[in-house]
Amino acid sequence: MPQRDVSDAFPLTLGENPRFCPACGDSVEARTLEDDHRPRLVCPRGHVTWRNPRVVVGAIPVADGRIYLGRRAIEPARDRWTYPGGFLEIGESAQEGARRETEEETELLVEIGRLVGVYSRPHAGIVAIVFEASVVGGRPEPSAETSEVRAFGPDEIPWDELAFSTVESALRDWVAALPGRGPRHEPQLYVEGDPA
Ligand SMILES: [Zn+2]
């Protein structure tokens with residue numbers, strides 16, 4: 001069974017419920033604009049505060065058929081395992097962000113490879129883009145956000161100790177794409193927002 005997504009305990013990765021207009025500083029209120037289909041946050045001068053999901057990028061670093069996962073040193077999901085990942089920064093491509101997060105969190109140098117999948121988490125306000133990556137240098141080292149970095153074979157992945165449902169979905173998809181494994185339809189993995 002998929003784990004409960006810990007984002008339930010940390011609702012809204014978006015984090016904020018804006019009260020003030022970023023353009024002018026006046027108060028905003030929810031209002032449905034003409035010809036629009038849902039309420040927007042609008043200030044008295046008519047500036048709209050757009051709220052959109054944030055993009056999380058991740059990479060599954062592979063070396064000799066094994067993948068590197070890090071044990072999180074911070075909340076949410078402290079002490080649980082994940083591949084490196086984090087919020088995409090302005091000015092970065094998804095691939096650049098995934099490579100940066102990998103180097104920050106594991107000290108591994110990687111080349112970003114194929115797309116593993118795109119995972120929507122509407123309740124958390126995120127879209128996660130996950131790549132496979134080849135380790136091309138560096139040595140695995142923990143960081144401020146990671147207490148331990150360890151390599152796992154495809155049959156050693158700590159499924160019961162993963163940090164987020166997105167991590168589980170992406171790792172299942174990565175394993176399923178390995179030679180001889182074949183695609184497996186496991187609908188229980190596809191929680192809210194996943195492709196059918
Ligand atoms: Zn305004």
# chains A, B, ... in the order shown; residues from 1 in each chain; ligands from 1
call {"tool": "residues_near_ligand", "arguments": {"ligand": "ligand 1", "cutoff": "10 Å", "atoms": "only C-alpha atoms and all ligand atoms", "output": "list in words"}}
result
Phe20, Cys21, Pro22, Ala23, Cys24, Gly25, Asp26, Ser27, Val28, Leu41, Val42, Cys43, Pro44, Arg45, Gly46, His47, Val48 and Thr49 of chain A
call {"tool": "write_last_selection", "arguments": {"atoms": "N, CA and C atoms", "output": "mmCIF file, in the first residue's frame"}}
result
data_model
loop_
_atom_site.group_PDB
_atom_site.id
_atom_site.type_symbol
_atom_site.label_atom_id
_atom_site.label_comp_id
_atom_site.auth_asym_id
_atom_site.auth_seq_id
_atom_site.Cartn_x
_atom_site.Cartn_y
_atom_site.Cartn_z
ATOM 1 N N PHE A 20 -2.228 40.107 1.084
ATOM 2 C CA PHE A 20 -1.890 41.411 0.514
ATOM 3 C C PHE A 20 -1.412 41.258 -0.924
ATOM 4 N N CYS A 21 -1.701 42.264 -1.718
ATOM 5 C CA CYS A 21 -1.329 42.254 -3.132
ATOM 6 C C CYS A 21 0.176 42.461 -3.280
ATOM 7 N N PRO A 22 0.873 41.565 -3.966
ATOM 8 C CA PRO A 22 2.314 41.751 -4.134
ATOM 9 C C PRO A 22 2.653 42.964 -4.998
ATOM 10 N N ALA A 23 1.716 43.425 -5.818
ATOM 11 C CA ALA A 23 2.005 44.563 -6.694
ATOM 12 C C ALA A 23 1.872 45.899 -5.969
ATOM 13 N N CYS A 24 0.881 46.029 -5.065
ATOM 14 C CA CYS A 24 0.642 47.342 -4.446
ATOM 15 C C CYS A 24 0.520 47.276 -2.926
ATOM 16 N N GLY A 25 0.424 46.089 -2.347
ATOM 17 C CA GLY A 25 0.385 45.977 -0.894
ATOM 18 C C GLY A 25 -0.991 46.128 -0.275
ATOM 19 N N ASP A 26 -1.982 46.399 -1.096
ATOM 20 C CA ASP A 26 -3.347 46.518 -0.583
ATOM 21 C C ASP A 26 -3.906 45.127 -0.271
ATOM 22 N N SER A 27 -5.003 45.088 0.469
ATOM 23 C CA SER A 27 -5.598 43.793 0.809
ATOM 24 C C SER A 27 -6.208 43.137 -0.420
ATOM 25 N N VAL A 28 -6.173 41.815 -0.426
ATOM 26 C CA VAL A 28 -6.827 41.091 -1.523
ATOM 27 C C VAL A 28 -8.050 40.359 -0.992
ATOM 28 N N LEU A 41 -7.688 35.903 -6.146
ATOM 29 C CA LEU A 41 -7.408 36.921 -5.136
ATOM 30 C C LEU A 41 -7.156 38.237 -5.870
ATOM 31 N N VAL A 42 -7.997 39.228 -5.595
ATOM 32 C CA VAL A 42 -7.935 40.490 -6.328
ATOM 33 C C VAL A 42 -7.881 41.639 -5.325
ATOM 34 N N CYS A 43 -7.054 42.653 -5.616
ATOM 35 C CA CYS A 43 -6.991 43.831 -4.754
ATOM 36 C C CYS A 43 -7.940 44.895 -5.309
ATOM 37 N N PRO A 44 -8.197 45.972 -4.543
ATOM 38 C CA PRO A 44 -9.133 46.995 -5.020
ATOM 39 C C PRO A 44 -8.708 47.641 -6.334
ATOM 40 N N ARG A 45 -7.422 47.628 -6.641
ATOM 41 C CA ARG A 45 -6.978 48.218 -7.915
ATOM 42 C C ARG A 45 -7.058 47.230 -9.069
ATOM 43 N N GLY A 46 -7.458 46.016 -8.776
ATOM 44 C CA GLY A 46 -7.673 45.051 -9.853
ATOM 45 C C GLY A 46 -6.485 44.146 -10.151
ATOM 46 N N HIS A 47 -5.390 44.269 -9.373
ATOM 47 C CA HIS A 47 -4.275 43.326 -9.576
ATOM 48 C C HIS A 47 -4.713 41.941 -9.118
ATOM 49 N N VAL A 48 -4.395 40.948 -9.907
ATOM 50 C CA VAL A 48 -4.723 39.565 -9.548
ATOM 51 C C VAL A 48 -3.482 38.892 -8.974
ATOM 52 N N THR A 49 -3.632 38.258 -7.812
ATOM 53 C CA THR A 49 -2.544 37.469 -7.233
ATOM 54 C C THR A 49 -2.728 36.030 -7.693
#
call {"tool": "closest_atom_pairs", "arguments": {"of": "range 34-86 of chain A", "to": "range 137-142 of chain A", "cutoff": "9 Å", "atoms": "only C-alpha atoms", "output": "Markdown table"}}
result
| residue | atom | partner | partner_atom | distance |
| --- | --- | --- | --- | --- |
| A:Tyr68 | CA | A:Pro140 | CA | 8.2 |
| A:Gly70 | CA | A:Pro142 | CA | 7.5 |
| A:Arg71 | CA | A:Pro142 | CA | 8.5 |
call {"tool": "write_last_selection", "arguments": {"atoms": "N, CA and C atoms", "output": "mmCIF file, in the first residue's frame"}}
result
data_model
loop_
_atom_site.group_PDB
_atom_site.id
_atom_site.type_symbol
_atom_site.label_atom_id
_atom_site.label_comp_id
_atom_site.auth_asym_id
_atom_site.auth_seq_id
_atom_site.Cartn_x
_atom_site.Cartn_y
_atom_site.Cartn_z
ATOM 1 N N TYR A 68 21.234 5.983 -5.587
ATOM 2 C CA TYR A 68 21.576 6.653 -4.336
ATOM 3 C C TYR A 68 20.344 7.349 -3.765
ATOM 4 N N GLY A 70 18.974 9.464 -0.158
ATOM 5 C CA GLY A 70 19.418 10.164 1.047
ATOM 6 C C GLY A 70 18.357 10.069 2.125
ATOM 7 N N ARG A 71 18.816 10.018 3.364
ATOM 8 C CA ARG A 71 17.891 10.017 4.496
ATOM 9 C C ARG A 71 17.716 11.469 4.944
#
call {"tool": "residues_around", "arguments": {"residues": "Ser134 in chain A", "least_positions_apart": "2", "cutoff": "6 Å", "atoms": "only C-alpha atoms", "output": "number ranges by chain"}}
result
A: 61-62, 110-111
call {"tool": "closest_residue", "arguments": {"among": "A:Arg78, A:Glu105, A:Val136, A:Ile67", "to": "Leu171 in chain A", "atoms": "only C-alpha atoms"}}
result
A:Ile67
call {"tool": "atom_distance", "arguments": {"atom1": "CA of Val167 in chain A", "atom2": "CA of Trp50 in chain A"}}
result
27.9 Å
call {"tool": "select_by_dssp", "arguments": {"residues": "range 9-99 of chain A", "states": "helix (DSSP H, G or I)", "output": "list in words"}}
result
Ala94, Gln95, Glu96, Gly97, Ala98 and Arg99 of chain A
call {"tool": "closest_residue", "arguments": {"among": "A:Ala151, A:Ala59, A:Ala176, A:Ala124", "to": "Phe164 in chain A", "atoms": "only C-alpha atoms"}}
result
A:Ala124
